[in-house]
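One structure is given below, encoded as C-alpha cells.
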Protein chains: 2
Amino acid sequence: MPVNLHPPVAALLLPVSGVSMGIAQANIKRENRNDLLVIQLCDGTRVAGVFTKNRFCAAPVIVAREHLAVDNGIRALVINTGNANAGTGEQGLQDARATCDALAGLLGCEATQILPFSTGVIMEALPVAKIAAGLPAAVANTVPDNWFDAAHAIMTTDIVAKAISKQVVVDGVTVTITGIAKGSGMIHPNMATMLGYIATDAAIAQPLLQQMVTTAANTSFNCITVDGDTSTNDALMLIATGQSALPEVNLVSASAARVLQDAITGVAIYLAQAIVRDGEGATKFITVKLEGGRDEAECKKIGYAIAHSPLVKTAFFASDPNLGRILAAIGYADVEDLDVSALQLYLDDVLVAEKGGRAASYQEADGQRVMQQSDITIRVVLNRGLVNQTLWTCDFSYDYVKINASYRS
Amino acid sequence: MPVNLHPPVAALLLPVSGVSMGIAQANIKRENRNDLLVIQLCDGTRVAGVFTKNRFCAAPVIVAREHLAVDNGIRALVINTGNANAGTGEQGLQDARATCDALAGLLGCEATQILPFSTGVIMEALPVAKIAAGLPAAVANTVPDNWFDAAHAIMTTDIVAKAISKQVVVDGVTVTITGIAKGSGMIHPNMATMLGYIATDAAIAQPLLQQMVTTAANTSFNCITVDGDTSTNDALMLIATGQSALPEVNLVSASAARVLQDAITGVAIYLAQAIVRDGEGATKFITVKLEGGRDEAECKKIGYAIAHSPLVKTAFFASDPNLGRILAAIGYADVEDLDVSALQLYLDDVLVAEKGGRAASYQEADGQRVMQQSDITIRVVLNRGLVNQTLWTCDFSYDYVKINASYRS
C-alpha cells in the first residue's frame, strides 16, 4: 500500500486557464478503462520538456522531441496507457506519427503541433487504429476542469493517482500551477515509465521555460532515478498558457522567475515523492540525505548505492536495523579516496556508525524504534566538503516481485 | 532451490598433498553448527589472493593483505562464519589479529603466517573469545582429506555446498586441484560475501601464482559481480603446496603454466557458477552473452544492466517473455553511441529483436518455450567490434526477499 500518500481530492485541483482535457476508453490493452487522454492548449501556450536518455527511447519520445523542435506552437498532448510503443522500430515511429495525424485532423492543426506520449508494455505494436477510433470521444469530452480524471487516466501500476495544485502570488498576480504524474516502479525507477505534466497560467518565455523544467526535474524526478538513466518513455512536460494577468516572465525578470521556479519545483517534488510513496510493493518511504560531500556526483553515487541496494531495501521491509548493509553500500559506491573512518551514519536522529564502525552510543533498540516508522531518513555525513544532496526511495517487499512477475498477465 | 546444482560427493573430492583441514563448533552465532575452519599448509606452500575492493573492507581482509605482504610463508588460514567482522573499526582489527595470535600460538608459528577470513553479519563485534576457545578443537581435528566437510563449514545462506576437484597432466605429472567456495546472494552479488579457496599440489612461483588467481577471478567470480565492486569480505585464495613431482612452474614455463591456468580457471568458473545456481531464491540460471562489442567495458556495462535489472529478473521468475525489459536495460546501460537498430537480441537460439524492435520472425510461443527452461542464455550481438564477454546471473523470486528480510533473525 502507498506510504503516507493520500489520494488527490478533486475539489482541490485547480483548473489552469487555457488547458482543457478529454478522456476516452480506447480498449488499448483492457476493456472498460480510461486509457486515452487528450490535453488541449490555447493559442500562445508554450511547452518545454525533459525526456528519457535511454538509447532505446520510445517512438513517441522521438516524435515529441521532433515536434517541439519544429516550434510552431503545441496545440495538444495525447497520452495513452496500455502500450509504450517502445522497442517497436520503424513501425513504432509511423504509429506515433499516425496518432498525431489523427488528432491534428480532429483539431484542425498541424501534426507537428501535437505531442504524443505512451506508457505500458514494451515491444508490442501500438494498436493505433484503436487509438484513432477513441480520439473523437476524447475530444468530444473535453472540459477545462478535469485534472482529477486526467490523473487517473494515465495510471498503469499506480495504486493512487498523483495530482496537486498550488497558487503563488507573483508581482501581485495570483498564478495557478497544477500537475499530474504517473509511475510506481521503484527498485530501478529508471525502468518504470514516469510521466509528469505541470501546467501554469503564467506566461513564461521559451528559453526560461526550458531552464525551469530542467531545474525542476533535476531536484525531483531525477532524484529518484539513476544518473540520467531513465526508462524508454520518461517525460516531464511544463506548460505555460499565459492566460493569467501576469506579464511574460523571462530571464530578465529574476525575482518573478525565482518565485515561479520554486512553486513549479515544489509541485515536481510532490509528484516525484508521490511516485516513490506509491512504489511497487512499498511499505516504507526512505529519504537518503548526503551531507558534506565534495560534489554532487559523489553524493549521488553514494546515495544511489544505498537507495538501490536490495539488501538495504529488504532490511527496511523487515524493519530490521541490519545497518551494516548501509555501510557496505557506502563502501562499494566507488568514490575515490573515501575515508570511511571519517563519516557518520544516522538513522533519523540516531547516530549509528562512526570511526569505521558502530558508534559507541548506538543501541539496537534505538535503531529498531526508527525502523518501525513508515517514513525514515538515512543521513550520511561525509565530512569532506560542502555539498548536500537528497534522494528518495522505498523499501523492497514480496509485493514488488509479485507485481513485476505478473505485470503483463 | 538451487538450479541444476548437485551437492558435492565426498568421494570425488581429492586431497591436495600438503593441505589439511580441521573443523570446530565455536558457537559464534548459533549453537551446534560447524562455524570454524582451519586450513593448515605444509612448509614451502605459496599463497596468493584477490580481495574485495570495497572501501568498508572487513578487518580480516586488511589483516590478510598485511600478512601476505610480510611474505614469510603462510602456514594456515582460519575462516569463521556467523560474523563478518566488517564495519567494526579499530576493535575489528584487534579482533582479527587476536584470532591470528591464538592460532599462531597453537601452531607454533608467527601470527603473520596466518590469514584470517570471516563471513556473516556486518557491524557486530567478532566474538573472538569464542573463536579462540574453538581453535584447539579445530586444530586437533585436522585431517588431510576433509574438503567435503570444509565446504560445508563455510556455508552461510548457501543451500548446497560448493566443491570440485580436477586433475590435469602437466609435463607427464598428474596435478590435483581442489576448490571450495561459499556465497549465494545474487541480486547484487557484490554485497553477499563470496569466499573461495583453490589448492593445487603443483609448485608455482609467486609472481605467476598472483597472475593466475587474478586471471581466474576475472573470468569467474568477477563475472558475477559489478566492476570490481565487491562485498566487505570477498576473497579468492590460490594455494600451491609444491608437493607434486612437477618442477616449479614459473613465468618462463609457458605451456605448463597455460595448462595449469586453464584447470584453475575451470575450477573457479565451476565455483562461481555454483554460487549463482545457489542464488538466494533462484529458480533460473541465466547466462548473459555479449558478442561483437568494441571492448570488455561496454560488454560488461550492457551485461550488468541486464543481469541486475529487477524487472528482467522478475520476468524470468515468471517465465514471461516480456523481453522489452531487456531492450530497456540495454538502452540505459550508458554505452556511448550505441546504435540500438544495429543489434540483435537472442533468447537461446530464438531471434527476439533486431532493427530496433521485435524481429519479424519472432513468435511469442518460441520465447515462452525458452522461458520455461531452468538454464537460459540471453545473447546480445552488438555488431560493432570483436570483443565477447559472458556473465552469469539468476532470476529474482519471492524467496530472495524472504531470505534477505529475515537474514539476521
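Following the order of the C-alpha cells, chains are lettered A, B, ..., residues in each are numbered from 1, and ligands are numbered from 1.
In plain terms, chain B touches chain A through Asn54, Arg55, Phe56, Gly87, Thr88, Gly89, Ile122, Met123, Asp229, Thr314, Ala315, Ala318, Gly324, Gly331, Tyr332, Gly356, Gly357, Tyr398, Val401, Asn404 and Ala405 of chain B, where touching means an atom at most 6 Å away, counting only C-alpha atoms.
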Dump N, CA and C atoms for the selected residues as a short mmCIF file (atom, residue, chain, number, x, y, z; two decimals), in the first residue's frame?
data_model
loop_
_atom_site.label_atom_id
_atom_site.label_comp_id
_atom_site.auth_asym_id
_atom_site.auth_seq_id
_atom_site.Cartn_x
_atom_site.Cartn_y
_atom_site.Cartn_z
N ASN B 54 35.92 -3.10 -1.82
CA ASN B 54 35.02 -2.27 -1.01
C ASN B 54 35.81 -1.44 -0.02
N ARG B 55 35.49 -0.13 0.04
CA ARG B 55 36.26 0.76 0.93
C ARG B 55 35.94 0.52 2.40
N PHE B 56 34.79 -0.10 2.66
CA PHE B 56 34.48 -0.55 4.01
C PHE B 56 34.94 -2.00 4.14
N GLY B 87 32.86 -3.39 9.28
CA GLY B 87 32.22 -2.22 9.88
C GLY B 87 32.43 -2.24 11.38
N THR B 88 33.59 -2.70 11.81
CA THR B 88 33.86 -2.87 13.23
C THR B 88 35.03 -2.02 13.70
N GLY B 89 35.54 -1.15 12.80
CA GLY B 89 36.55 -0.16 13.20
C GLY B 89 37.82 -0.78 13.78
N ILE B 122 27.29 -8.07 9.40
CA ILE B 122 28.20 -6.93 9.41
C ILE B 122 27.92 -6.07 10.63
N MET B 123 28.93 -5.37 11.11
CA MET B 123 28.79 -4.32 12.13
C MET B 123 28.42 -4.87 13.50
N ASP B 229 33.37 -3.83 -7.84
CA ASP B 229 32.65 -3.52 -6.60
C ASP B 229 32.27 -4.82 -5.94
N THR B 314 12.57 -10.49 -12.57
CA THR B 314 11.24 -10.95 -12.17
C THR B 314 10.49 -11.54 -13.37
N ALA B 315 10.74 -11.01 -14.58
CA ALA B 315 10.12 -11.59 -15.77
C ALA B 315 10.59 -13.04 -15.97
N ALA B 318 8.89 -15.29 -13.60
CA ALA B 318 7.51 -15.57 -14.02
C ALA B 318 7.45 -16.38 -15.31
N GLY B 324 10.91 -6.89 -23.87
CA GLY B 324 11.16 -5.47 -23.98
C GLY B 324 11.95 -4.95 -22.80
N GLY B 331 19.32 -0.24 -23.37
CA GLY B 331 19.25 1.19 -23.70
C GLY B 331 19.77 2.09 -22.61
N TYR B 332 19.63 1.69 -21.35
CA TYR B 332 20.10 2.59 -20.28
C TYR B 332 21.48 2.19 -19.76
N GLY B 356 15.90 -2.40 -34.00
CA GLY B 356 15.26 -1.53 -33.02
C GLY B 356 13.91 -2.00 -32.53
N GLY B 357 13.52 -3.21 -32.89
CA GLY B 357 12.21 -3.68 -32.44
C GLY B 357 12.11 -5.20 -32.54
N TYR B 398 10.17 -14.39 -5.03
CA TYR B 398 9.68 -14.05 -3.69
C TYR B 398 10.71 -14.43 -2.63
N VAL B 401 13.47 -12.00 -1.40
CA VAL B 401 13.03 -11.02 -0.40
C VAL B 401 12.90 -11.69 0.96
N ASN B 404 16.32 -12.34 2.57
CA ASN B 404 17.07 -11.16 2.97
C ASN B 404 16.33 -10.26 3.94
N ALA B 405 15.03 -10.48 4.05
CA ALA B 405 14.28 -9.73 5.06
C ALA B 405 14.36 -10.44 6.41
#
Which of range 14-133 of chain A fall in strand (DSSP E), as a PyMOL selection string: chain A and resi 19-24+36-41+46-51+76-83+114-121
Non-local contacts of range 31-34 of chain B (12 Å; only C-alpha atoms; under 2 positions in same chain excluded) as a PyMOL selection string: chain B and resi 22-29+36-38+79-82+130-131+134-135+137-138+149-156
Next, dump the selected residues to file, keeping only N, CA and C atoms, as an mmCIF file, in the first residue's frame.
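result.cif written:
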data_model
loop_
_atom_site.group_PDB
_atom_site.id
_atom_site.type_symbol
_atom_site.label_atom_id
_atom_site.label_comp_id
_atom_site.auth_asym_id
_atom_site.auth_seq_id
_atom_site.Cartn_x
_atom_site.Cartn_y
_atom_site.Cartn_z
ATOM 1 N N GLY B 22 40.895 -28.737 9.662
ATOM 2 C CA GLY B 22 40.219 -29.097 10.903
ATOM 3 C C GLY B 22 39.033 -28.177 11.128
ATOM 4 N N ILE B 23 37.981 -28.733 11.685
ATOM 5 C CA ILE B 23 36.717 -28.009 11.820
ATOM 6 C C ILE B 23 36.256 -28.064 13.272
ATOM 7 N N ALA B 24 35.612 -26.988 13.735
ATOM 8 C CA ALA B 24 35.086 -26.983 15.105
ATOM 9 C C ALA B 24 33.762 -26.241 15.159
ATOM 10 N N GLN B 25 33.055 -26.446 16.272
ATOM 11 C CA GLN B 25 31.833 -25.693 16.558
ATOM 12 C C GLN B 25 32.165 -24.655 17.620
ATOM 13 N N ALA B 26 32.252 -23.395 17.212
ATOM 14 C CA ALA B 26 32.652 -22.335 18.146
ATOM 15 C C ALA B 26 31.438 -21.545 18.646
ATOM 16 N N ASN B 27 30.242 -21.907 18.211
ATOM 17 C CA ASN B 27 29.004 -21.232 18.669
ATOM 18 C C ASN B 27 29.052 -19.729 18.431
ATOM 19 N N ILE B 28 29.581 -19.330 17.282
ATOM 20 C CA ILE B 28 29.778 -17.900 17.018
ATOM 21 C C ILE B 28 28.455 -17.182 16.914
ATOM 22 N N LYS B 29 27.521 -17.758 16.189
ATOM 23 C CA LYS B 29 26.201 -17.126 16.095
ATOM 24 C C LYS B 29 25.115 -18.085 16.537
ATOM 25 N N LEU B 36 33.794 -22.957 12.243
ATOM 26 C CA LEU B 36 35.207 -22.573 12.317
ATOM 27 C C LEU B 36 36.036 -23.592 11.546
ATOM 28 N N LEU B 37 36.802 -23.099 10.598
ATOM 29 C CA LEU B 37 37.619 -23.974 9.746
ATOM 30 C C LEU B 37 39.061 -23.487 9.787
ATOM 31 N N VAL B 38 39.980 -24.411 10.044
ATOM 32 C CA VAL B 38 41.407 -24.085 9.969
ATOM 33 C C VAL B 38 42.024 -24.934 8.865
ATOM 34 N N ILE B 79 38.988 -19.528 9.041
ATOM 35 C CA ILE B 79 37.754 -18.988 8.462
ATOM 36 C C ILE B 79 36.604 -19.215 9.448
ATOM 37 N N ASN B 80 35.912 -18.133 9.798
ATOM 38 C CA ASN B 80 34.717 -18.306 10.627
ATOM 39 C C ASN B 80 33.474 -17.825 9.889
ATOM 40 N N THR B 81 32.345 -18.467 10.156
ATOM 41 C CA THR B 81 31.055 -17.962 9.691
ATOM 42 C C THR B 81 30.333 -17.343 10.889
ATOM 43 N N GLY B 82 29.182 -16.717 10.626
ATOM 44 C CA GLY B 82 28.379 -16.181 11.727
ATOM 45 C C GLY B 82 28.643 -14.732 12.041
ATOM 46 N N LYS B 130 35.144 -16.719 21.763
ATOM 47 C CA LYS B 130 34.566 -17.997 21.316
ATOM 48 C C LYS B 130 35.432 -18.652 20.245
ATOM 49 N N ILE B 131 35.963 -17.800 19.352
ATOM 50 C CA ILE B 131 36.814 -18.342 18.290
ATOM 51 C C ILE B 131 38.083 -18.933 18.897
ATOM 52 N N GLY B 134 37.470 -22.150 20.370
ATOM 53 C CA GLY B 134 37.170 -23.222 19.423
ATOM 54 C C GLY B 134 38.392 -23.698 18.650
ATOM 55 N N LEU B 135 39.436 -22.887 18.598
ATOM 56 C CA LEU B 135 40.580 -23.223 17.746
ATOM 57 C C LEU B 135 41.289 -24.537 18.133
ATOM 58 N N ALA B 137 40.142 -27.287 19.259
ATOM 59 C CA ALA B 137 39.392 -28.422 18.702
ATOM 60 C C ALA B 137 39.578 -28.500 17.195
ATOM 61 N N ALA B 138 39.542 -27.340 16.527
ATOM 62 C CA ALA B 138 39.727 -27.342 15.072
ATOM 63 C C ALA B 138 41.098 -27.902 14.708
ATOM 64 N N ASP B 149 33.704 -31.703 4.292
ATOM 65 C CA ASP B 149 33.224 -31.020 5.493
ATOM 66 C C ASP B 149 33.632 -29.549 5.492
ATOM 67 N N ALA B 150 34.812 -29.260 4.953
ATOM 68 C CA ALA B 150 35.273 -27.869 4.902
ATOM 69 C C ALA B 150 34.306 -27.029 4.061
ATOM 70 N N ALA B 151 33.880 -27.575 2.915
ATOM 71 C CA ALA B 151 32.945 -26.850 2.044
ATOM 72 C C ALA B 151 31.644 -26.554 2.782
ATOM 73 N N HIS B 152 31.226 -27.476 3.641
ATOM 74 C CA HIS B 152 30.003 -27.255 4.417
ATOM 75 C C HIS B 152 30.225 -26.261 5.554
ATOM 76 N N ALA B 153 31.405 -26.270 6.135
ATOM 77 C CA ALA B 153 31.653 -25.429 7.318
ATOM 78 C C ALA B 153 31.656 -23.942 6.986
ATOM 79 N N ILE B 154 31.925 -23.587 5.721
ATOM 80 C CA ILE B 154 31.991 -22.153 5.381
ATOM 81 C C ILE B 154 30.663 -21.621 4.837
ATOM 82 N N MET B 155 29.626 -22.432 4.782
ATOM 83 C CA MET B 155 28.326 -22.001 4.247
ATOM 84 C C MET B 155 27.632 -20.996 5.179
ATOM 85 N N THR B 156 26.935 -20.031 4.581
ATOM 86 C CA THR B 156 26.058 -19.158 5.391
ATOM 87 C C THR B 156 24.610 -19.346 4.910
#
Residue contacts of Arg294 in chain A (7 Å, only C-alpha atoms) excluding same-chain residues fewer than 6 positions away, as a ChimeraX atom specification: /A:384-387
Would you list the contacts of Arg379 in chain B as a PDB file with C-alpha atoms, in the first residue's frame, taking every protein, DNA or RNA residue within 10 Å and counting only C-alpha atoms, but skipping same-chain residues closer than 5 positions in sequence?
ATOM      1  CA  THR B 287      23.876 -16.781 -18.959  1.00  0.00           C
ATOM      2  CA  VAL B 288      24.269 -13.303 -20.454  1.00  0.00           C
ATOM      3  CA  LYS B 289      26.487 -13.345 -23.542  1.00  0.00           C
ATOM      4  CA  LEU B 290      27.634 -10.156 -25.179  1.00  0.00           C
ATOM      5  CA  GLU B 291      29.138 -10.520 -28.631  1.00  0.00           C
ATOM      6  CA  GLY B 303      25.651  -7.300 -19.492  1.00  0.00           C
ATOM      7  CA  GLN B 344      20.265  -8.450 -32.312  1.00  0.00           C
ATOM      8  CA  LEU B 345      18.793  -9.981 -29.176  1.00  0.00           C
ATOM      9  CA  TYR B 346      18.502 -13.759 -28.867  1.00  0.00           C
ATOM     10  CA  LEU B 347      16.931 -15.941 -26.203  1.00  0.00           C
ATOM     11  CA  ASP B 348      18.850 -19.191 -26.620  1.00  0.00           C
ATOM     12  CA  ASP B 349      18.504 -19.802 -30.401  1.00  0.00           C
ATOM     13  CA  VAL B 350      15.436 -17.585 -30.839  1.00  0.00           C
ATOM     14  CA  LEU B 351      15.968 -14.213 -32.531  1.00  0.00           C
ATOM     15  CA  VAL B 352      13.803 -11.847 -30.496  1.00  0.00           C
ATOM     16  CA  THR B 390      29.943 -13.784 -20.690  1.00  0.00           C
TER      17      THR B 390
END
d(CA of Val370 in chain B, CA of Phe285 in chain B) in Å: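 Computing it gives 12.3 Å between the two atoms.
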From A:Ala216, A:Val173, A:Ile269, A:Ala84, residue lying nearest Gly120 in chain A [only C-alpha atoms]: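 Nearest candidate to Gly120 in chain A out of A:Ala216, A:Val173, A:Ile269, A:Ala84: A:Ala84.
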Selection: 6 Å around Thr393 in chain B, only C-alpha atoms, excl. self and same-chain fewer than 5 positions, as a PyMOL selection string: chain B and resi 276+286+307
Range 62-279 of chain A: residues DSSP assigns to alpha helix (DSSP H), reported as a PyMOL selection string: chain A and resi 62-70+89-107+128-140+147-153+206-218+254-277
Within 10 Å of Asp101 in chain B using only C-alpha atoms, minus same-chain residues under 2 positions, as a VMD selection string: chain B and resid 95 to 99 103 to 107 109 to 114 132
Interatomic distance, CA of Leu391 in chain B to CA of Cys223 in chain B (Å, one decimal): 5.0 Å
Among the residues A:Pro2, A:Gln373, A:Val267, A:Gln206, the one that comes closest to Gln167 in chain A [using only C-alpha atoms]: A:Val267
